[in-house]
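Participant: This is the content of protein32.tsv (TSV, C-alpha atoms):
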```tsv
chain	number	residue	atom	x	y	z
H	1	MET	CA	75.50	-13.41	35.28
H	2	THR	CA	75.99	-9.85	34.02
H	3	ARG	CA	75.87	-11.13	30.44
H	4	THR	CA	72.56	-12.92	31.07
H	5	ARG	CA	71.13	-9.78	32.62
H	6	GLY	CA	72.22	-7.73	29.59
H	7	LEU	CA	70.63	-10.21	27.23
H	8	GLY	CA	67.44	-10.17	29.28
H	9	ARG	CA	67.32	-6.37	29.12
H	10	ARG	CA	67.80	-6.42	25.38
H	11	LEU	CA	65.07	-9.01	24.97
H	12	LEU	CA	62.76	-6.97	27.17
H	13	ALA	CA	63.53	-3.84	25.17
H	14	SER	CA	62.79	-5.69	21.92
H	15	LEU	CA	59.50	-6.98	23.27
H	16	LEU	CA	58.59	-3.50	24.46
H	17	ALA	CA	59.47	-2.05	21.08
H	18	VAL	CA	57.08	-4.45	19.40
H	19	ALA	CA	54.41	-3.95	22.05
H	20	VAL	CA	54.64	-0.17	21.92
H	21	GLY	CA	54.48	-0.16	18.16
H	22	GLY	CA	51.36	0.06	16.06
H	23	CYS	CA	50.18	-0.61	12.56
H	24	ALA	CA	47.19	0.36	10.45
H	25	GLY	CA	46.20	0.21	6.83
H	26	ALA	CA	44.04	-1.63	4.34
H	27	SER	CA	44.28	-3.59	1.13
H	28	VAL	CA	41.80	-3.94	-1.67
H	29	GLU	CA	41.50	-6.10	-4.77
H	30	VAL	CA	40.64	-4.25	-7.97
H	31	THR	CA	38.32	-6.24	-10.27
H	32	ALA	CA	36.08	-5.69	-13.28
H	33	VAL	CA	34.02	-8.88	-13.31
H	34	ARG	CA	30.90	-7.33	-14.87
H	35	ALA	CA	32.60	-5.05	-17.36
H	36	ALA	CA	31.00	-5.06	-20.78
H	37	TYR	CA	34.02	-3.54	-22.53
H	38	PRO	CA	37.63	-4.63	-22.82
H	39	ILE	CA	39.97	-2.97	-20.33
H	40	SER	CA	43.71	-3.01	-20.92
H	41	LEU	CA	46.65	-1.86	-18.81
H	42	SER	CA	48.63	-1.41	-22.01
H	43	GLY	CA	47.88	0.82	-24.98
H	44	THR	CA	46.65	-2.03	-27.15
H	45	VAL	CA	43.42	-3.98	-27.46
H	46	ARG	CA	42.00	-6.40	-30.04
H	47	ASP	CA	38.94	-6.16	-32.25
H	48	ASP	CA	36.52	-9.06	-32.70
H	49	HIS	CA	38.66	-10.49	-35.54
H	50	GLY	CA	41.66	-10.79	-33.22
H	51	VAL	CA	43.50	-7.89	-34.85
H	52	LEU	CA	45.71	-5.92	-32.49
H	53	LEU	CA	44.81	-2.23	-32.35
H	54	ASP	CA	47.04	0.50	-30.98
H	55	ALA	CA	47.25	4.29	-30.99
H	56	ARG	CA	47.39	4.28	-34.79
H	57	SER	CA	43.98	2.70	-35.10
H	58	LEU	CA	42.28	3.89	-31.90
H	59	ALA	CA	40.93	7.36	-31.17
H	60	ARG	CA	40.73	8.71	-27.67
H	61	VAL	CA	37.21	9.93	-26.91
H	62	ALA	CA	37.37	10.61	-23.18
H	63	ASP	CA	39.29	10.00	-19.99
H	64	PHE	CA	38.29	7.27	-17.57
H	65	GLN	CA	38.56	8.10	-13.91
H	66	VAL	CA	37.36	6.56	-10.67
H	67	ALA	CA	38.60	6.87	-7.10
H	68	LYS	CA	37.62	5.13	-3.91
H	69	THR	CA	38.96	4.71	-0.41
H	70	ARG	CA	38.53	1.55	1.61
H	71	VAL	CA	38.87	1.30	5.37
H	72	GLY	CA	40.76	-1.47	7.18
H	73	LEU	CA	40.78	-2.65	10.79
H	74	LEU	CA	42.73	-5.01	13.03
H	75	TYR	CA	46.21	-3.73	12.18
H	76	SER	CA	45.40	-3.76	8.43
H	77	GLY	CA	44.48	-7.45	8.60
H	78	LEU	CA	40.79	-6.96	7.87
H	79	THR	CA	39.35	-4.77	5.14
H	80	PRO	CA	35.57	-4.90	4.99
H	81	ALA	CA	34.43	-4.56	1.35
H	82	SER	CA	37.89	-5.60	0.24
H	83	THR	CA	36.95	-5.72	-3.44
H	84	PHE	CA	36.84	-2.62	-5.57
H	85	ASP	CA	34.84	-3.52	-8.69
H	86	ILE	CA	35.14	-0.89	-11.40
H	87	SER	CA	32.64	-2.59	-13.74
H	88	ASP	CA	29.79	-0.14	-13.19
H	89	GLU	CA	32.02	2.89	-13.67
H	90	VAL	CA	33.56	1.40	-16.81
H	91	ASN	CA	30.17	0.50	-18.30
H	92	ALA	CA	28.69	3.91	-17.52
H	93	GLN	CA	31.62	6.09	-18.60
H	94	VAL	CA	32.42	4.14	-21.78
H	95	ALA	CA	28.75	4.15	-22.84
H	96	ALA	CA	28.42	7.86	-22.09
H	97	ALA	CA	31.49	8.65	-24.21
H	98	HIS	CA	30.38	6.29	-27.01
H	99	GLY	CA	33.64	4.45	-26.58
H	100	GLU	CA	34.51	0.82	-27.22
H	101	ALA	CA	37.31	0.06	-24.77
H	102	VAL	CA	39.51	1.41	-22.00
H	103	VAL	CA	43.28	1.39	-22.54
H	104	HIS	CA	46.28	2.64	-20.55
H	105	LEU	CA	44.53	1.75	-17.32
H	106	GLY	CA	46.64	2.72	-14.33
H	107	VAL	CA	46.00	1.83	-10.70
H	108	THR	CA	47.46	4.34	-8.26
H	109	VAL	CA	47.65	4.20	-4.47
H	110	THR	CA	48.33	7.63	-3.02
H	111	GLY	CA	49.65	8.61	0.39
H	112	ASN	CA	46.46	10.36	1.45
H	113	CYS	CA	45.89	7.89	4.28
H	114	ASP	CA	49.40	8.13	5.74
H	115	PHE	CA	48.36	10.33	8.62
H	116	LEU	CA	45.60	7.94	9.67
H	117	ASN	CA	47.71	4.84	9.10
H	118	SER	CA	50.70	6.17	11.04
H	119	LEU	CA	48.99	8.04	13.84
H	120	LEU	CA	51.14	7.56	16.88
H	121	VAL	CA	49.68	5.63	19.82
H	122	PHE	CA	46.23	5.39	18.26
H	123	ASN	CA	47.21	2.76	15.73
H	124	MET	CA	48.21	0.50	18.61
H	125	LEU	CA	44.49	-0.04	19.02
H	126	PRO	CA	43.14	-2.96	16.96
H	127	PHE	CA	39.97	-1.09	16.05
H	128	TRP	CA	41.84	2.02	14.89
H	129	PRO	CA	40.92	2.37	11.21
H	130	GLY	CA	43.47	2.51	8.46
H	131	CYS	CA	42.65	3.10	4.83
H	132	VAL	CA	43.84	2.71	1.26
H	133	PRO	CA	43.04	5.43	-1.30
H	134	VAL	CA	42.89	4.01	-4.83
H	135	GLU	CA	42.71	6.09	-8.00
H	136	ILE	CA	42.15	4.44	-11.36
H	137	ASN	CA	42.70	6.30	-14.61
H	138	GLY	CA	42.61	5.34	-18.23
H	139	LEU	CA	41.66	6.41	-21.73
H	140	ILE	CA	38.32	5.60	-23.30
H	141	VAL	CA	38.91	4.85	-26.97
H	142	ARG	CA	37.06	3.76	-30.06
H	143	ARG	CA	38.24	2.47	-33.40
H	144	LYS	CA	39.15	5.07	-35.98
H	145	PRO	CA	37.06	4.89	-39.14
H	146	PRO	CA	38.90	3.28	-42.04
H	147	PRO	CA	40.51	5.86	-44.37
H	148	SER	CA	38.27	6.68	-47.29
H	149	ALA	CA	39.48	5.81	-50.77
H	150	PRO	CA	40.85	8.80	-52.77
U	1	MET	CA	63.59	16.75	35.86
U	2	SER	CA	65.10	13.32	36.51
U	3	VAL	CA	67.25	11.48	33.98
U	4	SER	CA	64.50	8.94	33.24
U	5	GLY	CA	61.99	11.77	32.80
U	6	ARG	CA	64.29	13.42	30.28
U	7	ARG	CA	64.64	10.15	28.41
U	8	GLU	CA	60.87	9.75	28.24
U	9	TRP	CA	60.47	13.27	26.92
U	10	SER	CA	63.15	12.73	24.32
U	11	ALA	CA	61.48	9.45	23.25
U	12	ILE	CA	58.10	11.16	22.92
U	13	THR	CA	59.64	14.09	21.05
U	14	GLY	CA	61.47	11.69	18.76
U	15	ALA	CA	58.32	9.76	17.99
U	16	VAL	CA	56.43	12.97	17.29
U	17	VAL	CA	59.23	14.11	14.98
U	18	ALA	CA	59.11	10.77	13.16
U	19	VAL	CA	55.37	11.02	12.65
U	20	ALA	CA	55.72	14.68	11.64
U	21	ALA	CA	58.24	13.58	9.03
U	22	ILE	CA	55.73	11.05	7.73
U	23	VAL	CA	53.02	13.68	7.62
U	24	ALA	CA	55.36	16.04	5.79
U	25	GLY	CA	55.84	13.34	3.20
U	26	VAL	CA	52.12	12.91	2.66
U	27	GLY	CA	51.13	13.73	-0.87
U	28	CYS	CA	54.62	13.13	-2.21
U	29	GLN	CA	54.21	9.42	-2.20
U	30	ALA	CA	52.14	7.41	-4.61
U	31	THR	CA	52.68	4.36	-6.72
U	32	THR	CA	51.06	3.36	-9.99
U	33	MET	CA	50.75	0.01	-11.72
U	34	SER	CA	50.33	0.15	-15.46
U	35	ALA	CA	51.90	-1.32	-18.58
U	36	PRO	CA	52.03	1.51	-21.13
U	37	ASN	CA	54.92	-0.05	-23.05
U	38	ALA	CA	53.57	-3.57	-23.26
U	39	ARG	CA	52.89	-4.60	-26.85
U	40	SER	CA	50.13	-7.08	-26.13
U	41	PRO	CA	46.81	-6.26	-24.45
U	42	VAL	CA	47.01	-6.62	-20.66
U	43	LEU	CA	43.39	-7.30	-19.88
U	44	ILE	CA	41.47	-6.97	-16.68
U	45	GLY	CA	37.90	-8.19	-16.77
U	46	PRO	CA	36.00	-10.80	-18.73
U	47	VAL	CA	35.86	-9.08	-22.15
U	48	ALA	CA	38.87	-9.91	-24.30
U	49	CYS	CA	38.23	-7.70	-27.33
U	50	ILE	CA	36.05	-4.96	-28.78
U	51	GLY	CA	32.65	-6.40	-29.59
U	52	CYS	CA	33.34	-9.73	-27.88
U	53	ALA	CA	31.18	-11.36	-25.25
U	54	ALA	CA	32.41	-11.92	-21.72
U	55	THR	CA	34.32	-15.15	-21.17
U	56	PRO	CA	35.41	-16.72	-17.89
U	57	PRO	CA	39.02	-16.00	-16.96
U	58	PRO	CA	41.53	-18.81	-17.45
U	59	ALA	CA	41.98	-20.95	-14.37
U	60	ALA	CA	45.73	-21.36	-14.08
U	61	ALA	CA	48.51	-20.36	-11.80
U	62	ALA	CA	49.77	-16.88	-12.61
U	63	PRO	CA	53.36	-17.08	-13.84
U	64	LEU	CA	53.70	-13.34	-14.12
U	65	VAL	CA	53.96	-11.34	-10.90
U	66	ASP	CA	55.01	-7.73	-10.58
U	67	SER	CA	54.60	-4.92	-8.10
U	68	SER	CA	55.20	-1.23	-7.72
U	69	ASN	CA	55.60	0.41	-4.35
U	70	PHE	CA	56.74	3.45	-2.45
U	71	GLN	CA	58.06	3.23	1.11
U	72	TYR	CA	58.86	6.15	3.34
U	73	MET	CA	60.76	5.60	6.58
U	74	ALA	CA	61.49	8.19	9.23
U	75	SER	CA	63.13	8.40	12.63
U	76	PRO	CA	64.24	11.42	14.67
U	77	TYR	CA	67.69	11.07	13.15
U	78	SER	CA	67.06	10.37	9.50
U	79	TRP	CA	64.55	9.62	6.83
U	80	MET	CA	64.65	7.75	3.58
U	81	TYR	CA	62.36	6.54	0.84
U	82	ARG	CA	62.42	3.68	-1.59
U	83	ARG	CA	60.51	3.57	-4.85
U	84	ARG	CA	60.02	0.54	-7.04
U	85	GLN	CA	58.69	1.16	-10.51
U	86	PRO	CA	56.59	-1.50	-12.25
U	87	ALA	CA	58.45	-3.75	-14.66
U	88	LEU	CA	55.36	-5.42	-16.05
U	89	ALA	CA	56.00	-4.54	-19.70
U	90	GLY	CA	59.50	-6.02	-19.61
U	91	LYS	CA	58.30	-9.20	-17.95
U	92	ILE	CA	55.54	-9.57	-20.53
U	93	ARG	CA	58.07	-9.04	-23.31
U	94	ALA	CA	60.20	-11.83	-21.88
U	95	LEU	CA	57.26	-14.20	-21.52
U	96	VAL	CA	55.19	-13.45	-24.62
U	97	ALA	CA	57.30	-13.99	-27.70
U	98	ASP	CA	54.68	-12.92	-30.22
U	99	PRO	CA	52.36	-10.14	-29.03
U	100	CYS	CA	50.30	-10.52	-32.21
U	101	SER	CA	48.92	-13.86	-31.13
U	102	ALA	CA	48.86	-13.66	-27.35
U	103	ASP	CA	47.18	-11.56	-24.69
U	104	VAL	CA	47.90	-11.23	-21.01
U	105	GLN	CA	45.02	-11.69	-18.59
U	106	VAL	CA	45.28	-10.11	-15.15
U	107	SER	CA	44.14	-12.60	-12.53
U	108	ARG	CA	44.76	-10.47	-9.45
U	109	LEU	CA	45.33	-6.77	-8.89
U	110	GLN	CA	45.88	-5.81	-5.28
U	111	ALA	CA	46.36	-2.31	-3.87
U	112	SER	CA	47.43	-1.70	-0.28
U	113	ALA	CA	48.57	1.05	2.07
U	114	ARG	CA	50.09	0.59	5.53
U	115	GLY	CA	51.59	2.63	8.29
U	116	VAL	CA	53.80	1.18	11.04
U	117	PHE	CA	55.52	2.71	14.01
U	118	ALA	CA	57.63	1.19	16.74
U	119	PHE	CA	59.18	3.48	19.34
U	120	LEU	CA	61.01	6.12	17.35
U	121	PHE	CA	60.71	4.54	13.95
U	122	ALA	CA	57.81	5.13	11.58
U	123	MET	CA	57.18	3.80	8.12
U	124	THR	CA	54.46	4.08	5.53
U	125	SER	CA	54.16	2.09	2.36
U	126	VAL	CA	51.82	2.03	-0.62
U	127	GLU	CA	51.89	-0.88	-3.03
U	128	VAL	CA	50.13	-2.28	-6.08
U	129	GLU	CA	50.72	-5.92	-6.98
U	130	VAL	CA	49.61	-7.66	-10.14
U	131	GLN	CA	49.44	-11.32	-11.15
U	132	ALA	CA	48.78	-12.24	-14.75
U	133	ILE	CA	48.58	-15.14	-17.16
U	134	PRO	CA	49.52	-15.06	-20.86
U	135	ARG	CA	47.02	-16.73	-23.16
U	136	LEU	CA	47.09	-17.51	-26.85
U	137	VAL	CA	44.58	-15.81	-29.14
U	138	PRO	CA	43.55	-18.16	-31.96
U	139	GLY	CA	43.66	-16.18	-35.19
U	140	GLY	CA	45.25	-13.19	-33.52
U	141	SER	CA	47.17	-10.90	-35.85
U	142	CYS	CA	48.77	-7.51	-36.24
U	143	TYR	CA	47.52	-6.91	-39.80
U	144	GLY	CA	50.96	-7.90	-41.05
U	145	ALA	CA	52.65	-5.05	-39.21
U	146	ARG	CA	53.91	-5.93	-35.80
U	147	PRO	CA	53.68	-3.25	-33.16
U	148	VAL	CA	57.21	-2.12	-32.53
U	149	ALA	CA	57.86	-0.03	-29.47
U	150	PRO	CA	61.40	0.78	-28.45
U	151	VAL	CA	62.06	0.08	-24.80
U	152	GLY	CA	61.05	3.03	-22.68
U	153	GLU	CA	58.98	4.73	-25.33
U	154	PRO	CA	55.24	4.40	-25.63
U	155	GLU	CA	54.03	3.31	-28.99
U	156	GLY	CA	52.24	6.24	-30.49
U	157	SER	CA	50.14	8.56	-28.42
U	158	PHE	CA	46.48	9.22	-28.04
U	159	ALA	CA	45.43	12.72	-28.96
U	160	ALA	CA	43.05	14.56	-26.67
U	161	PRO	CA	39.34	14.25	-27.50
U	162	GLY	CA	38.27	16.68	-30.21
U	163	THR	CA	41.66	17.07	-31.85
U	164	PRO	CA	41.81	16.39	-35.58
U	165	PRO	CA	43.26	13.03	-36.59
U	166	ALA	CA	46.96	12.93	-37.32
U	167	PRO	CA	48.00	12.57	-40.97
U	168	PRO	CA	48.95	9.06	-42.02
U	169	PRO	CA	52.66	8.21	-41.93
U	170	SER	CA	54.51	8.88	-45.15
U	171	ARG	CA	56.06	5.43	-45.12
U	172	PRO	CA	54.09	2.27	-44.47
U	173	VAL	CA	55.20	0.29	-41.46
U	174	ALA	CA	56.95	-2.78	-42.71
U	175	PRO	CA	56.75	-6.13	-40.97
U	176	GLN	CA	59.65	-6.57	-38.59
U	177	PRO	CA	61.73	-9.65	-39.24
U	178	GLY	CA	63.31	-11.22	-36.22
U	179	PRO	CA	63.12	-14.08	-33.77
U	180	GLU	CA	59.45	-13.30	-33.09
U	181	ALA	CA	58.46	-13.81	-36.71
U	182	PRO	CA	56.26	-16.86	-37.20
U	183	PRO	CA	57.76	-19.61	-39.33
```
Would you mind writing the structure in this file as structure tokens?
Facilitator:
Amino acid sequence: MTRTRGLGRRLLASLLAVAVGGCAGASVEVTAVRAAYPISLSGTVRDDHGVLLDARSLARVADFQVAKTRVGLLYSGLTPASTFDISDEVNAQVAAAHGEAVVHLGVTVTGNCDFLNSLLVFNMLPFWPGCVPVEINGLIVRRKPPPSAP
Amino acid sequence: MSVSGRREWSAITGAVVAVAAIVAGVGCQATTMSAPNARSPVLIGPVACIGCAATPPPAAAAPLVDSSNFQYMASPYSWMYRRRQPALAGKIRALVADPCSADVQVSRLQASARGVFAFLFAMTSVEVEVQAIPRLVPGGSCYGARPVAPVGEPEGSFAAPGTPPAPPPSRPVAPQPGPEAPP
């Protein structure tokens, strides 16, 4: 009898722990569906003949940078505008820098939303917003001119 | 104050301490997904090369999955963090034998951040997950010199804009014989 009571208490405590807990956050998919330039997470990219180009044949002309924060609801289960399309930023920044591609693209999620996502008591509420801060960096490059003959 | 009242206060204080520990960790935590050491292009978007037109992405299951994350956990009694660095370049190296004739197309790139608390325990996590598909490039080449990057070292570096171009290497880069060499 005592054992059953102890088990019941533990079960109740576990249920309370879950019920008293909270969660918030957001998730976002990074895309570039309308990009007019090649974008690579590595330091290499190809030219139109299929030749692999790397730092030896590419010149850095500018830095690529874009940052956005998306808000999520319902315990991080729902993120309105859950797609982060970087196409417009890529097309604008690469054209402005007279570049030909973006290499070394890095997608970073920072902890800037931790306070909102972990706010005690409030994130028990399903409509309490969470968020995900995304920073995307890269290098805008263009092909180096071929070396002139001596 | 009664015993139960004291317990409640200590629970509230503990929870506040846990959240304060999370807040103190804000700014220290971040995670990045990239593939600086990968030898083949790791493409996101419809354009596969400089000067090429957009093409639809390949419709296939992604055999290459990798993630980077940072988790920070705190309670009134302790705290800990766990960091997972991306291993995308290594996975690509294992999957793509010849980087000269194959690219990697990213099919999904997901970034997320979450915070959880339950009683006295609080946790935050940030994560970036990538799914990718290798694809052959007909006629792809490395101009006879394969890109060779030792593990852990980026291949070459990009000078800042405006800096004069580096002098050419004194020795030409020879083709690397090995198991990756085409027959």
Participant: Which value, in Å to one decimal, gives the distance between CA of Phe84 in chain H and CA of Val132 in chain H?
Facilitator: 11.1 Å
Participant: Residues near Val30 in chain H, anyone? I mean within 8 Å using only C-alpha atoms, not counting same-chain ones fewer than 3 positions away, as a PyMOL selection string.
Facilitator: (chain H and resi 83-86) or (chain U and resi 108-111)
Participant: Mind listing as a PyMOL selection string which residues of chain U are within 6 Å of chain H, counting all atoms listed in the file?
Facilitator: chain U and resi 23+26-27+29-36+38+41-45+47-52+109-119+140-142+156-158+161
Participant: Which residue gives the smallest distance to Ala92 in chain H among H:Phe127, H:Gln65, H:Val71, H:Pro145, with only C-alpha atoms counted?
Facilitator: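 Using only C-alpha atoms, the shortest distance to Ala92 in chain H belongs to H:Gln65.
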Participant: Tell me, in Å to one decimal, how far CA of Gly90 in chain U is from CA of Ser68 in chain U.
Facilitator: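 So the two atoms, CA of Gly90 in chain U and CA of Ser68 in chain U, lie 13.5 Å apart.
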Participant: Find the distance between CA of Asn37 in chain U and CA of Pro57 in chain U and write it in Å to one decimal.
Facilitator: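 Atom-to-atom, CA of Asn37 in chain U and CA of Pro57 in chain U are spaced 23.3 Å apart.
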Participant: Listed atoms of range 27-44 of chain H, axis-aligned box, 3 Å per side: centre and edge lengths to one decimal in Å, as AutoDock Vina command-line options?
Facilitator:
```
--center_x 39.8 --center_y -4.0 --center_z -13.0 --size_x 23.7 --size_y 15.7 --size_z 34.3
```
Participant: At a cut-off of 12 Å, using all atoms listed in the file, what residues contact Ala94 in chain U? Leave out same-chain residues fewer than 3 positions from it and give the result as a PDB file with C-alpha atoms, in the frame of the given file.
Facilitator:
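And here's result_30.pdb as it stands now:
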```
ATOM      1  CA  ALA U  38      53.570  -3.570 -23.260  1.00  0.00           C
ATOM      2  CA  ARG U  39      52.890  -4.600 -26.850  1.00  0.00           C
ATOM      3  CA  SER U  40      50.130  -7.080 -26.130  1.00  0.00           C
ATOM      4  CA  PRO U  63      53.360 -17.080 -13.840  1.00  0.00           C
ATOM      5  CA  LEU U  64      53.700 -13.340 -14.120  1.00  0.00           C
ATOM      6  CA  ALA U  87      58.450  -3.750 -14.660  1.00  0.00           C
ATOM      7  CA  LEU U  88      55.360  -5.420 -16.050  1.00  0.00           C
ATOM      8  CA  ALA U  89      56.000  -4.540 -19.700  1.00  0.00           C
ATOM      9  CA  GLY U  90      59.500  -6.020 -19.610  1.00  0.00           C
ATOM     10  CA  LYS U  91      58.300  -9.200 -17.950  1.00  0.00           C
ATOM     11  CA  ALA U  97      57.300 -13.990 -27.700  1.00  0.00           C
ATOM     12  CA  ASP U  98      54.680 -12.920 -30.220  1.00  0.00           C
ATOM     13  CA  PRO U  99      52.360 -10.140 -29.030  1.00  0.00           C
ATOM     14  CA  PRO U 134      49.520 -15.060 -20.860  1.00  0.00           C
ATOM     15  CA  GLU U 180      59.450 -13.300 -33.090  1.00  0.00           C
TER      16      GLU U 180
END
```
Participant: Given the choices U:Val96, U:Ser101, U:Ala54, U:Leu120, which gets closest to Tyr77 in chain U if the distance is worked out from all atoms listed in the file?
Facilitator: U:Leu120
